[in-house]
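I have placed the structure first, in the form of C-alpha cells, so that the comments after it can refer back to it.
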Amino acid sequence: MKKKTQLIHGGISSDPYTGAVSLPIYQSSTFKQDGVGNFTYEYARTGNPTREALEKLIADIEGGARGFAFGSGMAAITAVVHLFSSGDHLILTDDVYGGSFRVMTKVFNRFGIEVSFIDTTDLDAVKAEIRPETKAIFVETPTNPLLKVTDIKAVSAIAKEHHLLFIVDNTFSTPYWQNPIALGADIVLHSATKYLGGHSDVVAGLAVTATEELGEDLHFIQNSTGGILGPQDSWILMRGIKTLGIRMEEIESNTKAIIEMLQEEEDAVGKIFYPGLADHPGHEVHQSQAGGFGGMVSFTVENEEKAREVVKNVRYFTLAESLGAVESLISVPPLMTHASIPRERRLELGIEDGLVRISVGLEDAEDLVEDLRSALRK
Ligand SMILES: *Cc1c(COP(=O)(O)O)cnc(C)c1O
C-alpha cells in the first residue's frame with residue numbers, strides 16, 4: 001500500500017460494529033462484560049475503540065508494531081521516559097524541543113534519570129558519551145529552529161552495538177516523509193498537535209514501538225500512568241491524518257516558492273536554514289532518509305528590531321508558537337520559544353538575534369511569497 005492510501009485505509013478504516021465509514025467517537029468510559037472477565041474493552045484508560053483505531057493507524061503509517069495515543073506530545077515523551085529507572089543515563093540531541101529539555105532537566109532529574117545533551121549530528125560525540133549506565137539515545141531530526149539533521153541509520157547502528165534503545169522524535173518530518181523504524185529506531189514519537197492534526201485544533205501525542213514486546217511495556221506504562229488521549233481528540237486526529245499526504249505535498253511546493261524568494265531578497269535576508277538547500281550541512285543525510293524536506297524554514301534578518309518588524313508586517317503569516325498547521329505561522333525564536341536560553345548560549349548554538357522561523361501552511365503560494373517579500377522590504 002502506498003503512503004496516501006495507507007493514511008486513509010490503514011488502521012481500522014471503518015467501524016467493525018456498525019460499518020460506519022467515519023469511525024464513531026465512542027464516548028464511553030467503561031464497557032459491559034458478557035460475563036466476568038469476558039470482554040473486548042474493559043475500561044477506557046486501558047483501551048477505547050476510537051483511540052485504538054488511531055493507535056493502529058499511527059502504528060501502520062510508521063511501520064511499527066504498536067501505537068499509543070496520549071494527551072500531548074509531552075505526555076507521550078513522559079510515558080517513554082518511564083520505561084527507564086533511577087540511575088539510567090540517556091543521550092539526547094542538544095537542541096531538542098524545549099519541553100523535552102525541561103522535563104528531562106527539571107522533572108526526571110529528580111527521579112535519578114541522568115541525561116547528556118550532545119550534538120547528535122556528530123557520531124563520534126555520540127559514541128564518546130556512552131557510559132555503562134547509558135540506556136538510550138533520543139534524537140530529533142530535523143531540529144528546531146536550525147533544522148539540524150541527524151543520521152538515523154548511523155545512530156541506530158551505534159545504539160544496536162551498545163544495546164541501547166533508540167528513540168526518534170519525528171514531529172518535524174512526519175511519517176509521510178520519514179519512517180525512523182525502517183531506519184532502525186525502536187520508538188518513534190510525535191507531537192501530533194503539529195502536522196498530524198494539522199489544523200491547530202487539537203493537542204495530542206503519539207508513540208510507536210518497533211516490536212510487540214516493547215509495545216507491551218509501553219502499554220503497561222500508558223495504562224499505569226494514564227496520560228491517554230480522549231475519544232473526541234482521537235477522532236479529530238484521525239480526520240487530520242487522512243489528508244497528511246496532500247498537505248505535506250502542497251506544503252513542500254509552497255516552501256520551495258518561499259525559499260526561492262528568500263534567496264532573491266539578499267538585502268534583507270542573511271542565512272537561510274532549510275534541509276532542502278544543497279549547502280545545508282544535513283542536506284545529503286536528510287535526502288537519504290526522508291522523502292521531502294518539510295515546511296519549516298528559519299532565516300536571519302539584520303537584527304532583533306528588523307525581526308520584530310517583519311513579523312508585524314506580514315498579513316497571512318500568523319505570529320504564533322507551534323507549527324505544522326494549514327495556517328502559515330511565523331515566530332522569532334530568540335524572543336519566543338528560545339527566550340529562556342541565555343543570549344550567550346543562544347549565539348553559541350547559532351540562534352542569532354535576528355532569527356525568524358516560519359511554518360509554511362496551505363495558503364496560495366503567490367500570496368505567501370508576496371506577503372513575506374513585502375514585509376522584508378518594508
Ligand atoms: C511541540 C513539540 C513537542 C511537544 O508536543 P506537545 O504536543 O506540545 O506536548 C515535542 N517535540 C517536538 C519536536 C515538538 O515540536
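Ordered as shown in the C-alpha cells, chains take letters A, B, and onward, while each chain numbers its residues from 1 and ligands are numbered from 1 in the order shown.
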
For chain A against ligand 1, with a cut-off of 8 Å and counting only C-alpha atoms and all ligand atoms, what is the closest atom pair and its distance in Å to one decimal for every residue that makes the cut, ordered by chain and number, as CSV?
residue,atom,partner,partner_atom_place_in_ligand_line,distance
A:Gly71,CA,ligand 1,7 (O),7.8
A:Ser72,CA,ligand 1,9 (O),4.1
A:Gly73,CA,ligand 1,5 (O),3.4
A:Met74,CA,ligand 1,9 (O),3.9
A:Ala75,CA,ligand 1,9 (O),6.5
A:Ala76,CA,ligand 1,9 (O),7.9
A:Ile77,CA,ligand 1,10 (C),7.6
A:Val96,CA,ligand 1,13 (C),7.0
A:Tyr97,CA,ligand 1,12 (C),5.1
A:Gly98,CA,ligand 1,10 (C),7.9
A:Gly99,CA,ligand 1,4 (C),6.2
A:Ser100,CA,ligand 1,10 (C),6.5
A:Glu140,CA,ligand 1,13 (C),6.7
A:Thr143,CA,ligand 1,13 (C),7.1
A:Asn144,CA,ligand 1,13 (C),7.2
A:Asp169,CA,ligand 1,13 (C),6.1
A:Asn170,CA,ligand 1,13 (C),7.0
A:Thr171,CA,ligand 1,13 (C),5.0
A:Phe172,CA,ligand 1,13 (C),6.1
A:Leu189,CA,ligand 1,11 (N),7.9
A:His190,CA,ligand 1,11 (N),6.5
A:Ser191,CA,ligand 1,5 (O),4.1
A:Ala192,CA,ligand 1,7 (O),6.1
A:Thr193,CA,ligand 1,7 (O),4.8
A:Lys194,CA,ligand 1,1 (C),6.7
A:Val203,CA,ligand 1,7 (O),5.2
A:Ala204,CA,ligand 1,7 (O),5.1
A:Gly205,CA,ligand 1,7 (O),5.5
A:Ser322,CA,ligand 1,1 (C),6.3
A:Leu323,CA,ligand 1,15 (O),7.2

Tell me which protein, DNA and RNA residues are within 12 Å of Lys32 in chain A, counting only C-alpha atoms, leaving out same-chain ones fewer than 3 positions away, and put them as an mmCIF file with C-alpha atoms, in the first residue's frame.
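The resulting file, out_22.cif, is reproduced below:
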data_model
loop_
_atom_site.group_PDB
_atom_site.id
_atom_site.type_symbol
_atom_site.label_atom_id
_atom_site.label_comp_id
_atom_site.auth_asym_id
_atom_site.auth_seq_id
_atom_site.Cartn_x
_atom_site.Cartn_y
_atom_site.Cartn_z
ATOM 1 C CA SER A 28 -17.712 5.703 26.922
ATOM 2 C CA SER A 29 -15.512 5.265 29.976
ATOM 3 C CA GLY A 35 -19.562 -12.500 31.959
ATOM 4 C CA VAL A 36 -16.857 -11.808 34.483
ATOM 5 C CA GLY A 37 -13.668 -11.224 32.535
ATOM 6 C CA ASN A 38 -15.398 -11.778 29.168
ATOM 7 C CA PHE A 39 -14.938 -8.548 27.196
ATOM 8 C CA THR A 40 -13.192 -6.819 24.290
ATOM 9 C CA TYR A 41 -12.906 -3.459 26.070
ATOM 10 C CA GLU A 42 -12.875 -3.128 29.824
ATOM 11 C CA TYR A 43 -12.182 0.431 30.944
ATOM 12 C CA ALA A 44 -11.284 3.307 28.636
#

Exercise for review: Looking only at strand (DSSP E or B) from DSSP on the backbone, list the matching residues of range 236-314 of chain A as a PyMOL selection string.
Suggested key: chain A and resi 272-273+296-300

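Distances to Ile61 in chain A were evaluated for A:His9, A:Lys306, A:Arg346, A:His82 using only C-alpha atoms, and the minimum falls at A:His9.
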
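If you look at CA of Thr141 in chain A and CA of Val168 in chain A, they are 7.7 Å away from each other.
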
**Study point:** Residues of range 61-215 of chain A in helix (DSSP H, G or I), written as an NGL selection string
**Key:** :A and (61-62 or 73-81 or 98-111 or 123-129 or 152-161 or 174-177 or 180-183 or 212-215)

Selected residues written out with N, CA and C atoms, as a compact mmCIF listing (two decimals), in the first residue's frame:
# COMPACT_ATOMS: atom_id res chain seq x y z
N ILE A 61 1.19 3.56 9.76
CA ILE A 61 1.87 4.52 8.89
C ILE A 61 3.32 4.75 9.30
N GLU A 62 3.68 4.42 10.54
CA GLU A 62 5.11 4.47 10.92
C GLU A 62 5.80 3.13 10.69
N GLY A 73 2.10 15.74 23.14
CA GLY A 73 3.41 15.21 22.79
C GLY A 73 4.26 15.00 24.05
N MET A 74 4.16 15.94 24.99
CA MET A 74 4.94 15.80 26.22
C MET A 74 4.50 14.59 27.04
N ALA A 75 3.19 14.28 27.02
CA ALA A 75 2.72 13.09 27.74
C ALA A 75 3.27 11.81 27.08
N ALA A 76 3.39 11.82 25.76
CA ALA A 76 3.96 10.66 25.05
C ALA A 76 5.44 10.49 25.43
N ILE A 77 6.17 11.62 25.43
CA ILE A 77 7.59 11.58 25.77
C ILE A 77 7.77 11.13 27.23
N THR A 78 6.91 11.66 28.10
CA THR A 78 6.95 11.29 29.52
C THR A 78 6.72 9.79 29.71
N ALA A 79 5.76 9.24 28.98
CA ALA A 79 5.48 7.81 29.08
C ALA A 79 6.71 7.00 28.65
N VAL A 80 7.34 7.42 27.56
CA VAL A 80 8.51 6.68 27.06
C VAL A 80 9.66 6.74 28.06
N VAL A 81 9.85 7.90 28.69
CA VAL A 81 10.94 8.01 29.68
C VAL A 81 10.66 7.12 30.90
N GLY A 98 12.19 22.37 23.41
CA GLY A 98 12.35 22.98 24.74
C GLY A 98 11.64 22.21 25.85
N GLY A 99 10.45 21.70 25.56
CA GLY A 99 9.69 20.95 26.56
C GLY A 99 10.38 19.64 26.93
N SER A 100 11.05 19.02 25.95
CA SER A 100 11.78 17.77 26.23
C SER A 100 12.98 18.08 27.12
N PHE A 101 13.65 19.21 26.83
CA PHE A 101 14.78 19.64 27.65
C PHE A 101 14.30 19.91 29.08
N ARG A 102 13.17 20.60 29.19
CA ARG A 102 12.65 20.97 30.52
C ARG A 102 12.25 19.74 31.33
N VAL A 103 11.55 18.80 30.73
CA VAL A 103 11.08 17.64 31.50
C VAL A 103 12.26 16.78 31.96
N MET A 104 13.30 16.71 31.12
CA MET A 104 14.46 15.91 31.50
C MET A 104 15.28 16.57 32.61
N THR A 105 15.42 17.93 32.53
CA THR A 105 16.32 18.62 33.46
C THR A 105 15.63 19.15 34.71
N LYS A 106 14.28 19.22 34.69
CA LYS A 106 13.59 19.79 35.85
C LYS A 106 12.66 18.78 36.53
N VAL A 107 12.32 17.70 35.83
CA VAL A 107 11.41 16.71 36.41
C VAL A 107 12.11 15.36 36.58
N PHE A 108 12.54 14.77 35.46
CA PHE A 108 13.12 13.42 35.55
C PHE A 108 14.47 13.39 36.27
N ASN A 109 15.16 14.53 36.33
CA ASN A 109 16.41 14.59 37.09
C ASN A 109 16.13 14.31 38.57
N ARG A 110 14.92 14.71 39.04
CA ARG A 110 14.57 14.48 40.45
C ARG A 110 14.29 13.01 40.74
N PHE A 111 14.14 12.21 39.68
CA PHE A 111 13.91 10.78 39.85
C PHE A 111 15.14 9.97 39.47
N LEU A 123 28.73 11.85 15.08
CA LEU A 123 28.63 10.46 15.55
C LEU A 123 29.69 10.11 16.59
N ASP A 124 30.89 10.70 16.43
CA ASP A 124 31.95 10.43 17.42
C ASP A 124 31.57 10.99 18.79
N ALA A 125 30.91 12.14 18.78
CA ALA A 125 30.46 12.74 20.04
C ALA A 125 29.44 11.83 20.72
N VAL A 126 28.59 11.20 19.93
CA VAL A 126 27.58 10.29 20.49
C VAL A 126 28.29 9.09 21.13
N LYS A 127 29.21 8.50 20.37
CA LYS A 127 29.94 7.32 20.88
C LYS A 127 30.69 7.64 22.17
N ALA A 128 31.31 8.82 22.19
CA ALA A 128 32.15 9.20 23.34
C ALA A 128 31.31 9.38 24.61
N GLU A 129 30.02 9.59 24.44
CA GLU A 129 29.18 9.88 25.61
C GLU A 129 28.59 8.62 26.23
N ILE A 152 19.91 8.97 11.05
CA ILE A 152 19.14 7.99 11.84
C ILE A 152 19.76 6.60 11.75
N LYS A 153 20.13 6.17 10.55
CA LYS A 153 20.70 4.83 10.36
C LYS A 153 22.01 4.68 11.12
N ALA A 154 22.86 5.72 11.04
CA ALA A 154 24.17 5.65 11.68
C ALA A 154 24.03 5.62 13.19
N VAL A 155 23.13 6.42 13.74
CA VAL A 155 22.94 6.40 15.20
C VAL A 155 22.31 5.08 15.62
N SER A 156 21.43 4.55 14.79
CA SER A 156 20.83 3.26 15.09
C SER A 156 21.90 2.16 15.19
N ALA A 157 22.89 2.23 14.31
CA ALA A 157 23.97 1.23 14.36
C ALA A 157 24.75 1.34 15.68
N ILE A 158 25.00 2.58 16.11
CA ILE A 158 25.70 2.78 17.39
C ILE A 158 24.84 2.24 18.54
N ALA A 159 23.56 2.54 18.50
CA ALA A 159 22.65 2.08 19.56
C ALA A 159 22.61 0.55 19.62
N LYS A 160 22.55 -0.09 18.46
CA LYS A 160 22.48 -1.55 18.42
C LYS A 160 23.76 -2.17 18.99
N GLU A 161 24.88 -1.59 18.59
CA GLU A 161 26.17 -2.12 19.05
C GLU A 161 26.27 -2.09 20.57
N THR A 174 7.31 14.20 9.89
CA THR A 174 6.04 13.46 9.77
C THR A 174 6.26 12.08 9.15
N PRO A 175 5.36 11.12 9.46
CA PRO A 175 5.51 9.78 8.87
C PRO A 175 5.27 9.76 7.37
N TYR A 176 4.77 10.86 6.80
CA TYR A 176 4.61 10.87 5.35
C TYR A 176 5.97 10.92 4.67
N TRP A 177 6.91 11.67 5.26
CA TRP A 177 8.23 11.81 4.64
C TRP A 177 9.31 10.92 5.25
N PRO A 180 11.35 6.46 10.82
CA PRO A 180 12.57 6.06 11.54
C PRO A 180 12.66 4.58 11.88
N ILE A 181 11.53 3.89 12.04
CA ILE A 181 11.60 2.46 12.40
C ILE A 181 12.27 1.67 11.27
N ALA A 182 11.95 2.03 10.03
CA ALA A 182 12.58 1.36 8.88
C ALA A 182 14.09 1.62 8.86
N LEU A 183 14.51 2.69 9.53
CA LEU A 183 15.94 3.05 9.56
C LEU A 183 16.61 2.57 10.85
N GLU A 212 6.39 -5.76 19.23
CA GLU A 212 5.24 -6.10 20.07
C GLU A 212 5.66 -6.08 21.55
N GLU A 213 6.85 -6.59 21.81
CA GLU A 213 7.36 -6.70 23.18
C GLU A 213 7.51 -5.31 23.83
N LEU A 214 8.15 -4.42 23.10
CA LEU A 214 8.31 -3.04 23.59
C LEU A 214 6.93 -2.38 23.70
N GLY A 215 6.03 -2.76 22.80
CA GLY A 215 4.66 -2.26 22.84
C GLY A 215 3.95 -2.67 24.12

Practice item. Could you give me, as an MDAnalysis selection string, the residues within 12 Å of Met248 in chain A, counting only C-alpha atoms and dropping anything in the same chain fewer than 6 positions from it? Key: chainID A and resid 3:4 172:178 194:196 198 240:242 254:255 291:296 324:326 359:362

Practice item. Could you check which of A:Ser298, A:Arg357, A:Tyr274, A:Glu366 is closest to His286 in chain A, using only C-alpha atoms? Key: A:Tyr274

Review point. Between CA of Glu327 in chain A and CA of Asp267 in chain A, what is the spacing in Å?
Key: 27.1 Å

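Atom to atom, CA of Glu52 in chain A and CA of Gln33 in chain A stand 18.5 Å apart.
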
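With only C-alpha atoms as the basis for measurement, A:Phe68 is the residue among A:Val314, A:Thr5, A:Val208, A:Phe68 that approaches Asn223 in chain A most closely.
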